[in-house]
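Novice: The structure follows.
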Amino acid sequence: MKFPRQSAVCATALLTLLSTAGHAADTPEEKKIAARKPEIEKIVAEISAKRIEATINKLVSFQTRHTMSDTTSDTTGIGAARRWIKGELERCGAGKLDVQYDSHIHPVDKRISTPTEIVNVVATLKGDTASDRYYVVSGHYDSRVTDIMNATSFAPGANDDASGTAAVMEMACVMAKYKFDANIVFMAVAAEEQGLYGSGHFAQQAREKNLNIAGMFTNDIIGSSHSDTGHVDNKQVRLFAEGVPARKEMPDNIRTLVTTGGENDSISRQLARHVKEQGERYVPGFKVTIINRADRYLRGGDHMPFLEQGYAALRFTEPAEDFNHQHQDVRTENGVKIGDLPEYVDFNYTAQVARINAAALASLALAPAAPSKVQVRTDKLENDTRLVWEANHEPDLAGYRIVWRDTTAADWQHAVYIGNVTEYTSKLSKDNIFFGVQAVDKDGNVSVASYPTPLR
């Protein structure tokens, strides 16, 4: 690989890099990057708690959305639910959203008693450029009661996961009115409760097609701000982000992360940093709490099949769950009402989580792709850090930005814009610092950071 010589703008940036973070933030480029983008502000402002509430209530009205429930009725069962979801997305995204079913027949297994058609509802908002990059956001529309095989009892699934499905539908309807560089896929997936079968099928097909999914979010149980003790926390959402994946055989790219101390710089962790920064920028007073795990103990979500296929994927979940209102028969026991009913959903809280999602998705889809083949030269002993990368191809690319942090820090602490170059030298030692490289467009939209691998 041949790289151009470092330009004069890099030398200027090098001096900036050695200055304080405050000075770097005062540059015109950094001010543009930090500024809130008007179109993203509009998207966030248009997210409606009232519409989310109406969607959740409508989904509950189907009585059960169990994967093996009725598919022929117009009012009851998973078939009626998916037809309604598809119709709503077609209505609100007319001429903008390409809404399709993605289905397959799943054979009998421990949670499927008869061969069953698993149907995802997939709405694609095509980007305004020729980009092959996709971002996927999902909620699962199936529901369950205590007995995972019970396909007939009332299974409202208001929080798990009508909340996530309603958030995704609201985002799709709002964002369909705007234009983005990259493609966004809004999905209501099925058979999450039976074994992540809907999302698993989509992720496998995406990998087989070599689809460039640059990031995936799932929203699962995002509807309640009340814990099982009654404590109210409506100011944060948990964002689960995998580090080093648990694999029997370690792929070379993961081995490189481990050998360079980059366990906290996986593609999912980089994506999570971006979501936190952008989400909190556009939804003030609401915190994105990154949890450095793939998911909670004993649980899983629709991001996991994407992780297994090597994609960056994250899970949004409320801060503290009340298990009386998940996976339960609806009943009253010892004076306590149990079941996943709409009365236990905080619709304003759900809307806040949807706004975080929308801000992050919009910022990602408006920005350039993360720089590729970012490397740090390690061919000789020196204290300098020399970074190289391949040039992006976006027509509106302005240049690149270096970010860095202490090895003990979770988030990027410093940043400097360096112009449209593909090589950069810092007097900060690669031995003591974690670096990343971001791409920036002319409007100040910034990509996810890319972690450098050694180049000898």
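Chain labels run A, B, ... following the order of the structure tokens; each chain numbers its residues from 1, and ligands are numbered from 1 in the order shown.
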If we count only C-alpha atoms and set the cut-off at 8 Å, which residues sit around stretch 229-239 of chain A, ignoring sequence neighbours fewer than 5 positions away in its own chain? Please answer as number ranges by chain.
Specialist: A: 222, 272, 285-291, 314-319, 349, 353
Novice: Can you pull out every residue within 8 Å of stretch 95-102 of chain A, counting only C-alpha atoms, but drop anything in the same chain fewer than 3 positions away, and send it as a ChimeraX atom specification?
Specialist: /A:86,89-90,119-126,176-177,202
Novice: Just the selected residues (N, CA, C and O atoms), exported as a PDB file, in the first residue's frame, please.
Specialist:
ATOM      1  N   LYS A  86     -46.805  -3.883   8.604  1.00  0.00           N
ATOM      2  CA  LYS A  86     -46.413  -3.626   7.214  1.00  0.00           C
ATOM      3  C   LYS A  86     -47.275  -2.519   6.610  1.00  0.00           C
ATOM      4  O   LYS A  86     -46.756  -1.602   5.945  1.00  0.00           O
ATOM      5  N   LEU A  89     -46.234   0.957   7.977  1.00  0.00           N
ATOM      6  CA  LEU A  89     -44.972   1.427   7.408  1.00  0.00           C
ATOM      7  C   LEU A  89     -45.147   1.843   5.954  1.00  0.00           C
ATOM      8  O   LEU A  89     -44.542   2.823   5.500  1.00  0.00           O
ATOM      9  N   GLU A  90     -45.953   1.108   5.210  1.00  0.00           N
ATOM     10  CA  GLU A  90     -46.230   1.490   3.825  1.00  0.00           C
ATOM     11  C   GLU A  90     -46.976   2.819   3.762  1.00  0.00           C
ATOM     12  O   GLU A  90     -46.712   3.651   2.883  1.00  0.00           O
ATOM     13  N   VAL A 119     -41.563 -14.511  10.043  1.00  0.00           N
ATOM     14  CA  VAL A 119     -41.676 -13.380   9.125  1.00  0.00           C
ATOM     15  C   VAL A 119     -41.211 -12.089   9.790  1.00  0.00           C
ATOM     16  O   VAL A 119     -41.785 -11.658  10.799  1.00  0.00           O
ATOM     17  N   ASN A 120     -40.182 -11.492   9.225  1.00  0.00           N
ATOM     18  CA  ASN A 120     -39.753 -10.155   9.626  1.00  0.00           C
ATOM     19  C   ASN A 120     -40.415  -9.133   8.705  1.00  0.00           C
ATOM     20  O   ASN A 120     -40.628  -9.393   7.522  1.00  0.00           O
ATOM     21  N   VAL A 121     -40.717  -7.957   9.241  1.00  0.00           N
ATOM     22  CA  VAL A 121     -41.181  -6.840   8.418  1.00  0.00           C
ATOM     23  C   VAL A 121     -40.012  -5.871   8.292  1.00  0.00           C
ATOM     24  O   VAL A 121     -39.522  -5.346   9.298  1.00  0.00           O
ATOM     25  N   VAL A 122     -39.557  -5.656   7.058  1.00  0.00           N
ATOM     26  CA  VAL A 122     -38.318  -4.918   6.807  1.00  0.00           C
ATOM     27  C   VAL A 122     -38.619  -3.689   5.952  1.00  0.00           C
ATOM     28  O   VAL A 122     -39.107  -3.821   4.826  1.00  0.00           O
ATOM     29  N   ALA A 123     -38.328  -2.512   6.479  1.00  0.00           N
ATOM     30  CA  ALA A 123     -38.546  -1.254   5.751  1.00  0.00           C
ATOM     31  C   ALA A 123     -37.188  -0.603   5.509  1.00  0.00           C
ATOM     32  O   ALA A 123     -36.480  -0.245   6.462  1.00  0.00           O
ATOM     33  N   THR A 124     -36.826  -0.438   4.243  1.00  0.00           N
ATOM     34  CA  THR A 124     -35.522   0.101   3.876  1.00  0.00           C
ATOM     35  C   THR A 124     -35.657   1.516   3.344  1.00  0.00           C
ATOM     36  O   THR A 124     -36.443   1.770   2.424  1.00  0.00           O
ATOM     37  N   LEU A 125     -34.889   2.426   3.934  1.00  0.00           N
ATOM     38  CA  LEU A 125     -34.808   3.808   3.455  1.00  0.00           C
ATOM     39  C   LEU A 125     -33.480   3.930   2.722  1.00  0.00           C
ATOM     40  O   LEU A 125     -32.416   3.927   3.333  1.00  0.00           O
ATOM     41  N   LYS A 126     -33.559   4.009   1.398  1.00  0.00           N
ATOM     42  CA  LYS A 126     -32.346   4.042   0.591  1.00  0.00           C
ATOM     43  C   LYS A 126     -31.626   5.372   0.760  1.00  0.00           C
ATOM     44  O   LYS A 126     -32.239   6.438   0.819  1.00  0.00           O
ATOM     45  N   ALA A 176     -38.257   8.784   7.321  1.00  0.00           N
ATOM     46  CA  ALA A 176     -38.553   8.595   5.889  1.00  0.00           C
ATOM     47  C   ALA A 176     -38.692   9.924   5.164  1.00  0.00           C
ATOM     48  O   ALA A 176     -38.570   9.984   3.935  1.00  0.00           O
ATOM     49  N   LYS A 177     -38.931  10.997   5.893  1.00  0.00           N
ATOM     50  CA  LYS A 177     -39.108  12.318   5.284  1.00  0.00           C
ATOM     51  C   LYS A 177     -37.781  13.022   5.019  1.00  0.00           C
ATOM     52  O   LYS A 177     -37.762  14.119   4.456  1.00  0.00           O
ATOM     53  N   PHE A 202     -32.056 -13.018   9.074  1.00  0.00           N
ATOM     54  CA  PHE A 202     -31.657 -11.803   8.365  1.00  0.00           C
ATOM     55  C   PHE A 202     -30.143 -11.620   8.413  1.00  0.00           C
ATOM     56  O   PHE A 202     -29.511 -11.307   7.395  1.00  0.00           O
TER      57      PHE A 202
END
Novice: Quick one: everything within 8 Å of stretch 38-55 of chain A, counting only C-alpha atoms, minus sequence neighbours fewer than 5 positions away in the same chain. Send it as a list in words.
Specialist: Ala162, Ser163, Ala166, Ala167, Glu170, Met171, Val174, Met175, Tyr178, Tyr282, Val283, Phe347, Asn348, Thr350, Ala351, Ala354, Arg355, Ile356, Ala358, Ala359, Ala362 and Ser363 of chain A
Novice: Determine, counting only C-alpha atoms, which protein, DNA and RNA residues have an atom within 6 Å of an atom of A:Val137; residues of the same chain fewer than 3 positions away are not included. Present the result as number ranges by chain.
Specialist: A: 186, 216-218
Novice: Could you work out how far atom CA of A:His106 lies from atom CA of A:Ile221, giving the answer in Å with one decimal?
Specialist: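 We find that atom CA of A:Ile221 and atom CA of A:His106 lie 24.9 Å from each other.
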Novice: Taking only stretch 96-339 of chain A into account, list the residues labelled helix (DSSP H, G or I) by DSSP (computed from the backbone), as a ChimeraX atom specification.
Specialist: /A:158-175,192-195,197-208,252-259,267-282,304-308,323-325
Novice: Looking at A:Asp406, A:Leu341, A:Thr422, A:Asp379, which one is nearest to A:Ala391, with distances taken over only C-alpha atoms?
Specialist: A:Thr422
Novice: If we count only C-alpha atoms, what is near stretch 304-308 of chain A at a cut-off of 12 Å, once residues fewer than 5 positions away on the same chain are taken out, given as a ChimeraX atom specification?
Specialist: /A:135-138,192,195-207,211-218,240-247,266-269,293-296,299,313-315
Novice: Would you give me, as a list in words, the residues in stretch 2-135 of chain A that DSSP reads as strand (DSSP E or B)?
Specialist: Thr64, Leu97, Asp98, Val99, Gln100, Tyr101, Asp102, Ser103, His104, Ile105, His106, Asp109, Ile112, Thr116, Glu117, Ile118, Val119, Asn120, Val121, Val122, Ala123, Thr124, Leu125, Arg133, Tyr134 and Tyr135 of chain A
Novice: Quick one: everything within 12 Å of A:Val108, counting only C-alpha atoms, minus sequence neighbours fewer than 4 positions away in the same chain. Send it as a PyMOL selection string.
Specialist: chain A and resi 68+112-117+194
Novice: For those residues, write all heavy atoms to a file as a PDB file, in the first residue's frame.
Specialist:
ATOM      1  N   MET A  68     -46.053 -18.884  17.123  1.00  0.00           N
ATOM      2  CA  MET A  68     -46.882 -19.960  16.561  1.00  0.00           C
ATOM      3  C   MET A  68     -48.373 -19.674  16.705  1.00  0.00           C
ATOM      4  O   MET A  68     -49.196 -20.587  16.565  1.00  0.00           O
ATOM      5  CB  MET A  68     -46.518 -21.288  17.235  1.00  0.00           C
ATOM      6  CG  MET A  68     -45.108 -21.767  16.902  1.00  0.00           C
ATOM      7  SD  MET A  68     -44.692 -23.361  17.657  1.00  0.00           S
ATOM      8  CE  MET A  68     -44.588 -22.915  19.394  1.00  0.00           C
ATOM      9  N   ILE A 112     -40.132 -24.780  18.901  1.00  0.00           N
ATOM     10  CA  ILE A 112     -41.017 -24.741  17.724  1.00  0.00           C
ATOM     11  C   ILE A 112     -41.625 -26.127  17.579  1.00  0.00           C
ATOM     12  O   ILE A 112     -40.913 -27.088  17.278  1.00  0.00           O
ATOM     13  CB  ILE A 112     -40.248 -24.363  16.447  1.00  0.00           C
ATOM     14  CG1 ILE A 112     -39.631 -22.966  16.575  1.00  0.00           C
ATOM     15  CG2 ILE A 112     -41.151 -24.428  15.220  1.00  0.00           C
ATOM     16  CD1 ILE A 112     -40.599 -21.816  16.481  1.00  0.00           C
ATOM     17  N   SER A 113     -42.940 -26.247  17.794  1.00  0.00           N
ATOM     18  CA  SER A 113     -43.570 -27.578  17.830  1.00  0.00           C
ATOM     19  C   SER A 113     -43.961 -28.092  16.453  1.00  0.00           C
ATOM     20  O   SER A 113     -44.194 -29.289  16.282  1.00  0.00           O
ATOM     21  CB  SER A 113     -44.813 -27.532  18.729  1.00  0.00           C
ATOM     22  OG  SER A 113     -45.748 -26.584  18.239  1.00  0.00           O
ATOM     23  N   THR A 114     -44.045 -27.210  15.479  1.00  0.00           N
ATOM     24  CA  THR A 114     -44.383 -27.597  14.111  1.00  0.00           C
ATOM     25  C   THR A 114     -43.652 -26.654  13.174  1.00  0.00           C
ATOM     26  O   THR A 114     -43.367 -25.503  13.552  1.00  0.00           O
ATOM     27  CB  THR A 114     -45.907 -27.516  13.884  1.00  0.00           C
ATOM     28  OG1 THR A 114     -46.227 -28.009  12.582  1.00  0.00           O
ATOM     29  CG2 THR A 114     -46.414 -26.082  14.013  1.00  0.00           C
ATOM     30  N   PRO A 115     -43.298 -27.088  11.965  1.00  0.00           N
ATOM     31  CA  PRO A 115     -42.616 -26.162  11.048  1.00  0.00           C
ATOM     32  C   PRO A 115     -43.409 -24.857  10.926  1.00  0.00           C
ATOM     33  O   PRO A 115     -44.609 -24.861  10.652  1.00  0.00           O
ATOM     34  CB  PRO A 115     -42.580 -26.935   9.729  1.00  0.00           C
ATOM     35  CG  PRO A 115     -42.574 -28.375  10.148  1.00  0.00           C
ATOM     36  CD  PRO A 115     -43.451 -28.440  11.364  1.00  0.00           C
ATOM     37  N   THR A 116     -42.736 -23.746  11.150  1.00  0.00           N
ATOM     38  CA  THR A 116     -43.406 -22.455  11.290  1.00  0.00           C
ATOM     39  C   THR A 116     -42.738 -21.406  10.412  1.00  0.00           C
ATOM     40  O   THR A 116     -41.504 -21.312  10.369  1.00  0.00           O
ATOM     41  CB  THR A 116     -43.366 -21.991  12.761  1.00  0.00           C
ATOM     42  OG1 THR A 116     -44.033 -22.972  13.580  1.00  0.00           O
ATOM     43  CG2 THR A 116     -44.025 -20.640  12.944  1.00  0.00           C
ATOM     44  N   GLU A 117     -43.572 -20.602   9.748  1.00  0.00           N
ATOM     45  CA  GLU A 117     -43.030 -19.488   8.958  1.00  0.00           C
ATOM     46  C   GLU A 117     -42.684 -18.337   9.905  1.00  0.00           C
ATOM     47  O   GLU A 117     -43.536 -17.863  10.659  1.00  0.00           O
ATOM     48  CB  GLU A 117     -44.038 -19.019   7.915  1.00  0.00           C
ATOM     49  CG  GLU A 117     -43.452 -17.940   6.994  1.00  0.00           C
ATOM     50  CD  GLU A 117     -44.426 -17.446   5.948  1.00  0.00           C
ATOM     51  OE1 GLU A 117     -45.644 -17.540   6.167  1.00  0.00           O
ATOM     52  OE2 GLU A 117     -43.953 -16.945   4.909  1.00  0.00           O
ATOM     53  N   GLN A 194     -38.475 -17.294  20.726  1.00  0.00           N
ATOM     54  CA  GLN A 194     -38.261 -18.718  20.461  1.00  0.00           C
ATOM     55  C   GLN A 194     -36.787 -19.053  20.246  1.00  0.00           C
ATOM     56  O   GLN A 194     -36.407 -20.219  20.262  1.00  0.00           O
ATOM     57  CB  GLN A 194     -39.055 -19.161  19.226  1.00  0.00           C
ATOM     58  CG  GLN A 194     -40.547 -18.814  19.257  1.00  0.00           C
ATOM     59  CD  GLN A 194     -41.245 -19.243  20.518  1.00  0.00           C
ATOM     60  OE1 GLN A 194     -41.724 -18.408  21.274  1.00  0.00           O
ATOM     61  NE2 GLN A 194     -41.324 -20.541  20.755  1.00  0.00           N
TER      62      GLN A 194
END
Novice: Atom CA of A:Thr152 and atom CA of A:His327 are how many Å apart?
Specialist: 14.1 Å
